[in-house]
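*Asks:* Structure in structure tokens, see below.
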Amino acid sequence: MTVSKSADADAADDVRSGTEQAAAGALQMGELSELLGYSLKRAQLKVFEDFLRCMAPLQLTPAQFSVLLLLDNNPGRNQTEIANTLGILRPNFVAMLDGLESRGLCLRMRSASDRRSHVLTLTDKGRTTLTRAKKLVATKHEARLIEALGPADHAALLAMLAKLTQEF
């Protein structure tokens with residue numbers, strides 16, 4: 001007696017063979033590789049991985065480094081301005097400031113003109129840490145990015161990304 005396979009059994013066999021094919025080689029990306037948002041996110045992840053490796057001795061994340069840079073260039077500004085400029089949500093920013101403050105890198109003080117807000121400043125330790133971080137970024141992280149892209153493409157990519165942030 002011959003037993004015929006059901007359509008469900010055939011489909012299960014197709015799924016298994018597809019799974020085996022995927023395990024055997026690289027997945028086909030299809031339209032994903034043509035989507036700018038997906039490509040930007042993948043690039044961001046790679047860039048952040050490299051940044052974190054460079055900053056490992058200082059234990060700084062990209063967001064923390066950005067905060068320290070803004071504080072250095074804008075002493076005495078309030079935390080809402082800094083958070084908004086960087087696009088960091090208030091609860092996340094408060095937690096980040098708690099960490100930076102506990103490490104002695106910045107100070108939060110009540111504003112003299114608006115008791116509801118806090119102004120931020122770098123400490124001497126924060127300035128020293130930022131100086132070391134900027135050196136690591138310039139000589140390792142950004143240097144690798146410039147080497148990978150070439151100076152002209154690096155500058156062009158920065159210009160294109162700035163254009164995108166202005167448009168949206």
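Chains: A, B, ... in order of the structure tokens. Residues: from 1 per chain. Ligands: from 1, in order shown.
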Might you pull out every residue within 8 Å of Thr61 of chain A, with only C-alpha atoms counted and same-chain residues fewer than 3 positions away left off, and present them as a list of chain:residue names?
*Replies:*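 Contacts, in chain order: A:Phe51, A:Leu52, A:Met55, A:Gln64, A:Phe65.
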*Asks:* Step one, run DSSP on the backbone; step two, keep only residues of segment 25-140 of chain A assigned to strand (DSSP E); then write them as a list in words.
*Replies:*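 DSSP on the backbone gives strand (DSSP E) at Cys106, Leu107, Arg108, Met109, Arg110, His118, Val119, Leu120, Thr121 and Leu122 of chain A.
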*Asks:* So which one's closest to Glu81 of chain A, A:Ala156, A:Val119, A:Met29, A:Ile146? Using only C-alpha atoms, please.
*Replies:*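 Of A:Ala156, A:Val119, A:Met29, A:Ile146, the one nearest Glu81 of chain A, counting only C-alpha atoms, is A:Val119.
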*Asks:* Could you pull out the residues in segment 108-139 of chain A that DSSP calls helix (DSSP H, G or I) from the backbone, as number ranges by chain?
*Replies:* A: 124-139
*Asks:* Keeping only C-alpha atoms, write those residues as an mmCIF file, in the first residue's frame.
*Replies:*
```cif
data_model
loop_
_atom_site.group_PDB
_atom_site.id
_atom_site.type_symbol
_atom_site.label_atom_id
_atom_site.label_comp_id
_atom_site.auth_asym_id
_atom_site.auth_seq_id
_atom_site.Cartn_x
_atom_site.Cartn_y
_atom_site.Cartn_z
ATOM 1 C CA ASP A 124 38.364 68.573 36.180
ATOM 2 C CA LYS A 125 38.256 64.768 36.012
ATOM 3 C CA GLY A 126 35.612 65.035 33.274
ATOM 4 C CA ARG A 127 37.839 67.398 31.250
ATOM 5 C CA THR A 128 40.831 65.082 31.662
ATOM 6 C CA THR A 129 38.753 62.059 30.646
ATOM 7 C CA LEU A 130 37.337 63.934 27.669
ATOM 8 C CA THR A 131 40.828 64.950 26.519
ATOM 9 C CA ARG A 132 41.909 61.301 26.596
ATOM 10 C CA ALA A 133 38.695 60.215 24.863
ATOM 11 C CA LYS A 134 39.081 62.787 22.078
ATOM 12 C CA LYS A 135 42.615 61.564 21.461
ATOM 13 C CA LEU A 136 41.449 57.928 21.259
ATOM 14 C CA VAL A 137 38.608 58.856 18.937
ATOM 15 C CA ALA A 138 40.844 60.891 16.622
ATOM 16 C CA THR A 139 43.809 58.513 16.481
#
```
*Asks:* For Asn73 of chain A, please output as a PyMOL selection string all residues within 12 Å (counting only C-alpha atoms; exclusion window: fewer than 2 positions along the same chain).
*Replies:* chain A and resi 66-71+75-77+82+120-122+127+130
*Asks:* Write out the residues from the selection above, keeping N, CA and C atoms, as an mmCIF file, in the first residue's frame.
*Replies:*
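Listing of selection25.cif after writing:
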```
data_model
loop_
_atom_site.group_PDB
_atom_site.id
_atom_site.type_symbol
_atom_site.label_atom_id
_atom_site.label_comp_id
_atom_site.auth_asym_id
_atom_site.auth_seq_id
_atom_site.Cartn_x
_atom_site.Cartn_y
_atom_site.Cartn_z
ATOM 1 N N SER A 66 29.330 61.947 23.785
ATOM 2 C CA SER A 66 28.616 63.083 23.201
ATOM 3 C C SER A 66 28.212 64.088 24.274
ATOM 4 N N VAL A 67 27.738 63.593 25.398
ATOM 5 C CA VAL A 67 27.349 64.478 26.502
ATOM 6 C C VAL A 67 28.565 65.252 26.999
ATOM 7 N N LEU A 68 29.674 64.567 27.207
ATOM 8 C CA LEU A 68 30.877 65.247 27.692
ATOM 9 C C LEU A 68 31.347 66.308 26.692
ATOM 10 N N LEU A 69 31.280 65.994 25.408
ATOM 11 C CA LEU A 69 31.665 66.978 24.384
ATOM 12 C C LEU A 69 30.773 68.212 24.439
ATOM 13 N N LEU A 70 29.459 67.988 24.528
ATOM 14 C CA LEU A 70 28.537 69.121 24.585
ATOM 15 C C LEU A 70 28.738 69.952 25.852
ATOM 16 N N LEU A 71 28.983 69.284 26.958
ATOM 17 C CA LEU A 71 29.214 70.019 28.208
ATOM 18 C C LEU A 71 30.499 70.847 28.130
ATOM 19 N N PRO A 75 29.335 74.956 28.640
ATOM 20 C CA PRO A 75 29.243 74.843 30.106
ATOM 21 C C PRO A 75 28.059 75.647 30.649
ATOM 22 N N GLY A 76 27.418 75.072 31.658
ATOM 23 C CA GLY A 76 26.333 75.768 32.326
ATOM 24 C C GLY A 76 24.985 75.675 31.632
ATOM 25 N N ARG A 77 24.884 74.891 30.574
ATOM 26 C CA ARG A 77 23.584 74.711 29.912
ATOM 27 C C ARG A 77 22.766 73.717 30.721
ATOM 28 N N ILE A 82 20.670 69.783 26.633
ATOM 29 C CA ILE A 82 21.656 68.776 26.228
ATOM 30 C C ILE A 82 20.943 67.511 25.755
ATOM 31 N N LEU A 120 24.555 71.961 33.929
ATOM 32 C CA LEU A 120 25.577 70.917 33.927
ATOM 33 C C LEU A 120 26.947 71.501 33.623
ATOM 34 N N THR A 121 27.945 70.989 34.288
ATOM 35 C CA THR A 121 29.324 71.369 33.995
ATOM 36 C C THR A 121 30.223 70.147 34.118
ATOM 37 N N LEU A 122 31.314 70.185 33.383
ATOM 38 C CA LEU A 122 32.327 69.143 33.520
ATOM 39 C C LEU A 122 33.167 69.419 34.759
ATOM 40 N N ARG A 127 37.031 66.775 32.306
ATOM 41 C CA ARG A 127 37.839 67.398 31.250
ATOM 42 C C ARG A 127 39.033 66.519 30.879
ATOM 43 N N LEU A 130 37.731 63.529 29.009
ATOM 44 C CA LEU A 130 37.337 63.934 27.669
ATOM 45 C C LEU A 130 38.557 64.157 26.773
#
```
*Asks:* Select, from A:Gln28, A:Asn74, A:Thr85, A:Gln79, the residue with the minimum atom-to-atom distance to Thr165 of chain A, counting only C-alpha atoms.
*Replies:*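 The shortest atom-to-atom distance to Thr165 of chain A comes from A:Thr85.
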